[in-house]
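What follows is a single structure, written as structure tokens, with notes after it.
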Amino acid sequence: MRFIPNNERVRREMLAEMGLSGIDDLFASIPQRYRLQKGLNIAPGQSEAEHLALFDELAGRNLGADCLSFLGAGAYDHFSPLVVDALLQRAEFFTAYTPYQPEVSQGTLQAIFEFQTFICCLTGMDVANASVYDGASATAEAVLMADRLQKRRRRVLLPVSLHPHYRAVVETYCTHLELTLETVPADPVTGRMDLESLAARLDGDVASVVVQQPNFYGVVEDLSAIAARAAQQGTLTIAAVSEALSMAVLKPPADCGVDIVCGEAQSFGVPLAYGGPYLGFMACRDVHKRQLPGRIAGQTVDTEGRRGFVLTLATREQHIRRERATSNICTNENLVMLAALFYLTLMGRDGLRQVAGHNVSLLAYLAAGIAGIEGYTPRFIGPRFNEVALRCPRSAAQVVVACRERGIVPGLDLGRFDANLADTLLVAVTESKTKADVDHLLDALRGVGP
């Protein structure tokens, strides 16, 4: 047993050592009226063996590990080389925490610096930070960052095609701020942000416009057109990236005129693990760097001319006066960041492009197969990466249930988030799938016809 509870005799001895007559004496400082006057409604305690048996039984209710899943929507099943795990399990990496003292934290600081460099290469931006929790909170932090930069502007434009979880976190962050969040609709044909609706909403009171790239429907947005319209009103453009691998083949956000890039780097060697941990990132133009939350590690030289690394900028409330802090989150995510760093180092520029290209070709194969199945059509015609929103001959929820009986999770029912999309299934394919896997999905969809 890894846990040995104290028995009654040991508890009496401990209480006697403290000069107490019973457990209740430990809580003497709590007024009687605030104490629970009845027992807790919980089952009797179990042994460790009984607990393990219970969890085995609960796990048996889930679909097996061999279930074929085409879920995506911000959490992507990518292949990660075993060497990533092998390096990550080295003891020196497990103990890497916040680099308060640079003289003894050179490895940690260099890792942060190299990660920032990779993010700048991918986004095309001038500066990147580290230790943002996930894509959703990174997007919310970007909105607050734009608010600080824009001073008196009080409106923020969010597209309907922004991931619902990202939007929910942004709303939570802005609940008690004097910011008004407005929704920009999507073009019903292309699935892209409706540019005419965007132009109608833009004025001198809009601090920022957020655009997900690719968006929640898997459609690639016209970032250049959106950023150009925003710039005409002095509005900052925020690109939120939930599928980081897309940056290997799409035009860098910086080249599209975007001001802030944020998102989720889970695709880079971070496995799916029941909801976390995830790895947020943020990058911006040099002129805006002092409003970045988190920390920025920089490179320097010591008195003997040797390369060294320092914590150049830390705007977290723990480091500076609370009222001047840009954020009170952003603890060190070095372990998760190292996984992404190892992955990016191993893959390199060409490797990332090859993987992204494989994703594109596999999605094209899926789309071609869908064209031959009665009742199923892509809902949007805009360019896509990794994911396609399929209009189904019946509700997406029914399609999911029917496919699960065949051992396949066909995708995400978008009706869970928008009643107007109750017949739409969001299907994701990555390099972790084969053509044979896609064929199995197509066969399952044929069996759930009109």
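By convention in this document, the chains of the structure tokens carry letters A, B, ... by their order, each chain's residues are numbered from 1, and ligands are numbered from 1 in the order they are shown.
For Gln106 (chain A), the list of residues within 12 Å, based on only C-alpha atoms and with local chain neighbours fewer than 2 positions off taken out, reads Ala96, Tyr97, Thr98, Pro99, Tyr100, Gln101, Pro102, Glu103, Val104, Thr108, Leu109, Gln110, Ala111, Ile112, Phe113, Ala297, Gly298, Gln299, Thr300, Arg307, Gly308, Phe309, Val310 and Leu311 of chain A.
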Requested in this report: Compile the contact shell of Ala428 (chain A) as a PyMOL selection string: residues with an atom at most 6 Å away, counting only C-alpha atoms, same-chain residues fewer than 6 positions apart removed.
Outcome: chain A and resi 70-72+386-387
So that each row is one residue of region 161-249 of chain A with an atom at most 12 Å from region 418-423 of chain A, can you give its shortest atom pair and the distance in Å to one decimal, using only C-alpha atoms, rows by chain and rising number, as JSON lines?
{"residue": "A:Ser161", "atom": "CA", "partner": "A:Asp418", "partner_atom": "CA", "distance": 10.6}
{"residue": "A:His163", "atom": "CA", "partner": "A:Asp418", "partner_atom": "CA", "distance": 11.5}
{"residue": "A:Pro164", "atom": "CA", "partner": "A:Asp418", "partner_atom": "CA", "distance": 9.5}
{"residue": "A:Pro188", "atom": "CA", "partner": "A:Asn420", "partner_atom": "CA", "distance": 11.1}
{"residue": "A:Phe216", "atom": "CA", "partner": "A:Asp418", "partner_atom": "CA", "distance": 11.9}
{"residue": "A:Tyr217", "atom": "CA", "partner": "A:Leu421", "partner_atom": "CA", "distance": 10.8}
Please, could you write that set of residues out with N, CA and C atoms as a PDB file, in the first residue's frame?
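Once everything was written out, this is part06.pdb:
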ATOM      1  N   SER A 161     -17.457  32.363 -35.881  1.00  0.00           N
ATOM      2  CA  SER A 161     -16.643  31.175 -36.172  1.00  0.00           C
ATOM      3  C   SER A 161     -15.465  31.027 -35.218  1.00  0.00           C
ATOM      4  N   HIS A 163     -13.874  29.590 -31.840  1.00  0.00           N
ATOM      5  CA  HIS A 163     -14.162  28.398 -31.014  1.00  0.00           C
ATOM      6  C   HIS A 163     -15.041  28.810 -29.823  1.00  0.00           C
ATOM      7  N   PRO A 164     -16.168  28.143 -29.599  1.00  0.00           N
ATOM      8  CA  PRO A 164     -17.076  28.520 -28.505  1.00  0.00           C
ATOM      9  C   PRO A 164     -16.393  28.553 -27.141  1.00  0.00           C
ATOM     10  N   PRO A 188     -22.526  32.486 -45.139  1.00  0.00           N
ATOM     11  CA  PRO A 188     -23.137  31.152 -45.102  1.00  0.00           C
ATOM     12  C   PRO A 188     -22.646  30.216 -46.203  1.00  0.00           C
ATOM     13  N   PHE A 216     -13.266  27.905 -36.563  1.00  0.00           N
ATOM     14  CA  PHE A 216     -13.838  26.751 -35.867  1.00  0.00           C
ATOM     15  C   PHE A 216     -14.406  25.713 -36.824  1.00  0.00           C
ATOM     16  N   TYR A 217     -14.764  26.151 -38.044  1.00  0.00           N
ATOM     17  CA  TYR A 217     -15.305  25.235 -39.039  1.00  0.00           C
ATOM     18  C   TYR A 217     -14.210  24.609 -39.910  1.00  0.00           C
TER      19      TYR A 217
END
Query raised in the report: as a PyMOL selection string, which residues of region 89-303 of chain A does DSSP assign to strand (DSSP E or B)?
Result: chain A and resi 127-128+130+132+155-159+180-184+186+193+206-212+219+236-241+260-264+280-284+295-301
Write out as a Markdown table the residues of region 115-185 of chain A that have any atom within 6 Å of an atom of region 262-272 of chain A, one row each with the nearest atom pair and its distance in Å to one decimal, counting only C-alpha atoms, sorted by chain and then rising number.
| residue | atom | partner | partner_atom | distance |
| --- | --- | --- | --- | --- |
| A:Asp134 | CA | A:Glu264 | CA | 5.7 |
| A:Gly135 | CA | A:Glu264 | CA | 4.1 |
| A:Ala138 | CA | A:Cys262 | CA | 5.8 |
| A:Thr139 | CA | A:Cys262 | CA | 5.9 |
Mind dumping the selected residues with N, CA and C atoms as an mmCIF file, in the first residue's frame?
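Resulting contents of out.cif:
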data_model
loop_
_atom_site.group_PDB
_atom_site.id
_atom_site.type_symbol
_atom_site.label_atom_id
_atom_site.label_comp_id
_atom_site.auth_asym_id
_atom_site.auth_seq_id
_atom_site.Cartn_x
_atom_site.Cartn_y
_atom_site.Cartn_z
ATOM 1 N N ASP A 134 -3.180 28.237 -22.206
ATOM 2 C CA ASP A 134 -3.774 27.503 -23.330
ATOM 3 C C ASP A 134 -4.283 28.500 -24.361
ATOM 4 N N GLY A 135 -4.816 27.976 -25.460
ATOM 5 C CA GLY A 135 -5.261 28.850 -26.533
ATOM 6 C C GLY A 135 -6.394 29.764 -26.141
ATOM 7 N N ALA A 138 -5.054 32.464 -23.826
ATOM 8 C CA ALA A 138 -4.168 33.318 -24.621
ATOM 9 C C ALA A 138 -4.988 34.306 -25.441
ATOM 10 N N THR A 139 -6.127 33.843 -25.986
ATOM 11 C CA THR A 139 -6.999 34.731 -26.762
ATOM 12 C C THR A 139 -7.585 35.816 -25.870
#
May I have the residues within 9 Å of Leu445 (chain A) as a short mmCIF file (atom, residue, chain, number, x, y, z; two decimals) with C-alpha atoms, in the first residue's frame, using only C-alpha atoms and disregarding those fewer than 6 positions away in the same chain?
data_model
loop_
_atom_site.label_atom_id
_atom_site.label_comp_id
_atom_site.auth_asym_id
_atom_site.auth_seq_id
_atom_site.Cartn_x
_atom_site.Cartn_y
_atom_site.Cartn_z
CA ILE A 370 -17.83 12.34 -49.30
CA ILE A 373 -22.14 9.49 -50.59
CA TYR A 376 -23.47 14.34 -47.27
CA VAL A 399 -24.90 10.22 -37.05
CA ALA A 402 -24.85 5.35 -35.24
CA CYS A 403 -21.13 5.54 -36.00
CA PRO A 410 -17.01 10.49 -36.71
#
Requested in this report: Using only C-alpha atoms, pick whichever of A:Val287, A:Val160, A:Leu344, A:Ile23 has the shortest atom-to-atom distance to Leu245 (chain A).
Outcome: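 Ranked by minimum distance to Leu245 (chain A), first place goes to A:Leu344.
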Query raised in the report: Which value, in Å to one decimal, gives the distance between CA of Val438 (chain A) and CA of Val388 (chain A)?
Result: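 If I compute the distance from CA of Val438 (chain A) to CA of Val388 (chain A), I get 13.1 Å.
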**Report entry** Given only C-alpha atoms as the counted atoms, nearest of A:Leu441, A:Ala367, A:Ala436, A:Val184 to Ile408 (chain A)
**Finding:**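 With only C-alpha atoms as the atom set, the closest residue is A:Leu441.
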Report as a compact mmCIF listing (two decimals) with C-alpha atoms, in the first residue's frame all protein, DNA and RNA residues lying within 10 Å of Ala230 (chain A), evaluated on only C-alpha atoms, omitting residues in the same chain fewer than 4 positions from it.
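Resulting contents of part-v9.txt:
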# COMPACT_ATOMS: atom_id res chain seq x y z
CA LEU A 198 -17.22 43.47 -40.41
CA ALA A 199 -16.86 46.77 -42.26
CA LEU A 202 -15.79 48.84 -37.54
CA ASP A 203 -15.35 52.39 -36.28
CA GLY A 204 -13.10 54.42 -34.01
CA VAL A 206 -13.41 49.21 -31.77
CA ALA A 207 -10.26 48.20 -29.92
CA SER A 208 -9.69 44.89 -31.65
CA VAL A 209 -11.15 42.32 -33.99
CA SER A 224 -5.07 40.09 -45.14
CA ALA A 225 -8.51 41.45 -46.06
CA ILE A 226 -9.68 41.47 -42.44
CA GLY A 234 -6.96 52.00 -36.29
CA THR A 235 -8.29 48.71 -34.92
CA LEU A 236 -5.87 45.98 -33.89
CA THR A 237 -6.25 42.54 -35.47
CA GLY A 257 -0.97 42.68 -41.29
CA VAL A 258 -2.00 41.07 -38.01
Name the residues of region 73-236 of chain A that fall into alpha helix (DSSP H) according to DSSP on the backbone, using the chain letters and numbers of this document, as a tab-separated table (two decimals) with C-alpha atoms, in the first residue's frame.
chain	number	residue	atom	x	y	z
A	82	LEU	CA	9.04	8.65	-29.07
A	83	VAL	CA	12.24	10.61	-28.63
A	84	VAL	CA	10.15	13.57	-27.40
A	85	ASP	CA	8.96	11.53	-24.42
A	86	ALA	CA	12.41	10.04	-23.89
A	87	LEU	CA	13.98	13.49	-23.59
A	88	LEU	CA	11.12	14.89	-21.55
A	91	ALA	CA	15.15	14.22	-14.37
A	92	GLU	CA	16.63	17.68	-14.97
A	93	PHE	CA	13.62	18.67	-17.07
A	94	PHE	CA	11.06	17.49	-14.53
A	106	GLN	CA	20.43	28.95	-17.72
A	107	GLY	CA	18.93	25.74	-19.14
A	108	THR	CA	15.37	26.80	-18.37
A	109	LEU	CA	15.92	30.28	-19.75
A	110	GLN	CA	17.53	28.97	-22.94
A	111	ALA	CA	14.60	26.60	-23.48
A	112	ILE	CA	12.17	29.51	-23.15
A	113	PHE	CA	14.28	31.61	-25.50
A	114	GLU	CA	14.40	28.86	-28.14
A	115	PHE	CA	10.63	28.30	-27.87
A	116	GLN	CA	10.02	32.01	-28.36
A	117	THR	CA	12.27	31.92	-31.41
A	118	PHE	CA	10.27	29.07	-32.95
A	119	ILE	CA	7.00	30.93	-32.36
A	120	CYS	CA	8.41	34.04	-34.02
A	121	CYS	CA	9.53	31.95	-37.00
A	122	LEU	CA	6.09	30.41	-37.37
A	123	THR	CA	4.05	33.58	-36.90
A	135	GLY	CA	-5.26	28.85	-26.53
A	136	ALA	CA	-8.48	30.06	-24.91
A	137	SER	CA	-6.80	32.08	-22.14
A	138	ALA	CA	-4.17	33.32	-24.62
A	139	THR	CA	-7.00	34.73	-26.76
A	140	ALA	CA	-8.54	36.41	-23.74
A	141	GLU	CA	-5.15	37.85	-22.75
A	142	ALA	CA	-4.73	39.16	-26.31
A	143	VAL	CA	-8.08	40.96	-26.07
A	144	LEU	CA	-7.03	42.57	-22.78
A	145	MET	CA	-3.64	43.45	-24.27
A	146	ALA	CA	-5.34	45.23	-27.19
A	147	ASP	CA	-7.59	47.05	-24.71
A	148	ARG	CA	-4.53	48.38	-22.87
A	149	LEU	CA	-2.96	49.50	-26.12
A	150	GLN	CA	-6.12	51.18	-27.40
A	164	PRO	CA	-17.08	28.52	-28.51
A	165	HIS	CA	-14.74	27.65	-25.62
A	166	TYR	CA	-12.40	30.47	-26.59
A	167	ARG	CA	-15.31	32.87	-26.72
A	168	ALA	CA	-16.57	31.71	-23.32
A	169	VAL	CA	-13.17	32.39	-21.73
A	170	VAL	CA	-12.98	35.83	-23.37
A	171	GLU	CA	-16.44	36.63	-22.00
A	172	THR	CA	-15.38	35.51	-18.53
A	173	TYR	CA	-12.29	37.71	-18.59
A	174	CYS	CA	-14.30	40.73	-19.76
A	195	LEU	CA	-16.36	41.18	-44.64
A	196	GLU	CA	-19.32	43.48	-45.32
A	197	SER	CA	-20.69	42.87	-41.83
A	198	LEU	CA	-17.22	43.47	-40.41
A	199	ALA	CA	-16.86	46.77	-42.26
A	200	ALA	CA	-20.28	47.90	-41.01
A	201	ARG	CA	-19.26	47.31	-37.40
A	223	LEU	CA	-6.52	37.43	-42.84
A	224	SER	CA	-5.07	40.09	-45.14
A	225	ALA	CA	-8.51	41.45	-46.06
A	226	ILE	CA	-9.68	41.47	-42.44
A	227	ALA	CA	-6.53	43.16	-41.14
A	228	ALA	CA	-6.64	45.77	-43.91
A	229	ARG	CA	-10.20	46.75	-43.04
A	230	ALA	CA	-9.38	46.90	-39.35
A	231	ALA	CA	-6.29	49.04	-39.93
A	232	GLN	CA	-8.39	51.65	-41.74
Requested in this report: Measuring atom to atom with only C-alpha atoms, identify which of A:Thr180, A:Thr377, A:Asn359, A:Ser395 is nearest to Lys435 (chain A).
Outcome: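 For Lys435 (chain A), the nearest of the candidates is A:Asn359.
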